[in-house]
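Data first, discussion second: the structure below is written as C-alpha cells.
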Amino acid sequence: ETRRPGSTSRPRTLNPAAFVKVLRHPVVGLCVLLTFVLTMSFAMMASTFTLFAEHARGLDAPQVGRMFGVAGIVMILVQGGLIRPLVKRFGESALVPVGIAILAVGLALLPFAPPVGPMVAVFVWIAIGNGISSPSLQALISKGTSPEEQGFVLGTNQSMSALARAIGPTIGGLLYTGMGPSSPFLAASGVLAIAVGLAVVAVRQRTRALADTGS
C-alpha cells in the first residue's frame with residue numbers, strides 16, 4: 001500500500017465494520033471469506049494433530065515434528081516453484097477450488113491413515129492442497145481490487161486470517177475433547193467440502209463483476 005508523505009499508519013485492529021465492508025465487496029468478498037474458512041480449517045488440523053498423533057497413534061514428538069517438517073518443505077516447493085507453471089497453464093480461478101478439494105480429501109483421510117508412511121503421504125497431500133489454494137486465493141484478491149482499495153482489502157484479509165488462526169484451534173480443541181480425536185479433521189474436511197462449492201461461486205462472481213466493471 002502506498003501512503004502519502006507525512007502520513008502515519010494506523011494500528012491494525014479487528015474491526016467488524018471493516019470485515020462486513022470487505023465481505024460485501026462485489027469482486028473479492030467471497031474470496032476473502034474463503035481465505036478465512038481455509039485458514040480456520042487448516043488451523044483446526046494443525047493445532048490438534050500432535051495430540052492425535054501421540055494419543056491415538058502412539059507417535060512421539062520427534063516423529064510428529066519430522067512430519068510437519070516434511071509438510072513445510074512440500075509447501076515451500078509448491079509455492080516457490082510448482083505454483084507458477086500451474087497458474088500459467090490453468091489460472092488462479094481454476095486452482096482455488098481444486099486446491100481446496102485436495103485439502104478437504106486429505107483432512108478426511110488423515111485420521112484413518114496408519115503411521116508412519118501412509119500418514120506422511122496424507123500430510124504431503126494436505127500440504128499440496130494448501131500450497132495451491134492459499135497463494136491462488138491471495139492472487140485473486142490482489143488482482144480483483146483497485147490500487148486505491150487494495151491496502152484496505154488486503155489488510156482486512158490479513159486480520160481475518162489472524163482471527164481464523166485464533167478460532168481454529170479453539171474449535172479443534174473443543175471437538176477433540178467433546179467428540180473424539182478424529183472429529184477436528186472430519187469437521188474441517190466437511191467445511192472445506194462446502195467451501196469447494198463456494199469457491200466455484202466466488203470465482204464466477206469475481207469474473208462477472210470484473211466483466212461488468214470493464215464494460
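By convention here, the chains of the C-alpha cells are called A, B, ... in the order presented, each chain's residues are numbered starting at 1, and ligands are numbered starting at 1 in the order presented.
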Check your understanding: If you count only C-alpha atoms, which residues fall within 8 Å of stretch 167-174 of chain A, apart from same-chain ones fewer than 5 positions away, as a ChimeraX atom specification?
Key -> /A:39-48,179,184
Exercise for review: Would you list the contacts of A:Gly65 as a ChimeraX atom specification, taking every protein, DNA or RNA residue within 12 Å and counting only C-alpha atoms, but skipping same-chain residues closer than 6 positions in sequence?
Suggested key: /A:46,49-50,53-54,59,71-72,120
May I have the selected residues written with N, CA, C and O atoms, as a short mmCIF file (atom, residue, chain, number, x, y, z; two decimals), in the first residue's frame?
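Wrote again21.cif, looks like this:
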```cif
data_model
loop_
_atom_site.label_atom_id
_atom_site.label_comp_id
_atom_site.auth_asym_id
_atom_site.auth_seq_id
_atom_site.Cartn_x
_atom_site.Cartn_y
_atom_site.Cartn_z
N ALA A 46 -3.87 -28.39 12.38
CA ALA A 46 -2.51 -28.20 12.89
C ALA A 46 -2.46 -28.16 14.41
O ALA A 46 -1.49 -28.63 15.01
N PHE A 49 -3.34 -32.02 15.71
CA PHE A 49 -2.70 -33.21 15.15
C PHE A 49 -1.67 -33.81 16.10
O PHE A 49 -1.55 -35.04 16.18
N THR A 50 -0.92 -32.98 16.79
CA THR A 50 0.09 -33.51 17.71
C THR A 50 -0.55 -34.38 18.78
O THR A 50 -0.05 -35.48 19.10
N ALA A 53 -1.72 -37.61 17.07
CA ALA A 53 -0.62 -38.49 16.71
C ALA A 53 -0.05 -39.20 17.94
O ALA A 53 0.29 -40.38 17.89
N GLU A 54 0.06 -38.49 19.05
CA GLU A 54 0.64 -39.06 20.26
C GLU A 54 -0.34 -40.00 20.97
O GLU A 54 0.03 -41.10 21.40
N LEU A 59 2.68 -41.97 18.35
CA LEU A 59 3.89 -41.34 17.84
C LEU A 59 4.49 -40.43 18.89
O LEU A 59 3.79 -39.90 19.76
N ALA A 71 5.95 -31.57 5.59
CA ALA A 71 4.85 -30.78 5.04
C ALA A 71 5.31 -29.37 4.71
O ALA A 71 4.95 -28.81 3.67
N GLY A 72 6.13 -28.79 5.58
CA GLY A 72 6.64 -27.45 5.33
C GLY A 72 7.50 -27.39 4.08
O GLY A 72 7.41 -26.44 3.29
N VAL A 120 2.36 -39.86 6.50
CA VAL A 120 3.24 -38.86 5.88
C VAL A 120 2.73 -38.54 4.47
O VAL A 120 2.71 -37.38 4.05
#
```
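Going from atom CA of A:Leu103 over to atom CA of A:Pro62, you cover 24.3 Å.
Remark: for A:Met75, the closest of the candidate residues A:Val98, A:Val124, A:Ala61, A:Ala139 is A:Val124 (distances computed over only C-alpha atoms).
Across A:Met67, A:Ile194, A:Ala94, A:Pro111, the tightest approach to A:Tyr176 is made by A:Pro111 when counting only C-alpha atoms.
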Practice item. Would you list, as a VMD selection string, the residues of chain A that end up in helix (DSSP H, G or I) under DSSP run on this structure's backbone? Key: chain A and resid 16 to 23 29 to 55 61 to 90 92 to 112 117 to 143 147 to 179 183 to 214
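Here atom CA of A:Ile102 is placed at a distance of 4.9 Å from atom CA of A:Gly129.
With only C-alpha atoms as the basis for measurement, A:Thr145 is the residue among A:Thr145, A:Gln63, A:Thr177, A:Ser134 that approaches A:Gly29 most closely.
Remark: for A:Leu154, the closest of the candidate residues A:Phe123, A:Ser142, A:Val203, A:Leu107 is A:Ser142 (distances computed over only C-alpha atoms).
Straight-line separation from atom CA of A:Gly99 to atom CA of A:Gly180: 27.0 Å.
Among A:Ser182, A:Ala17, A:Phe36, A:Arg57, the residue with the shortest atom-to-atom distance to A:Val116, counting only C-alpha atoms, is A:Arg57.
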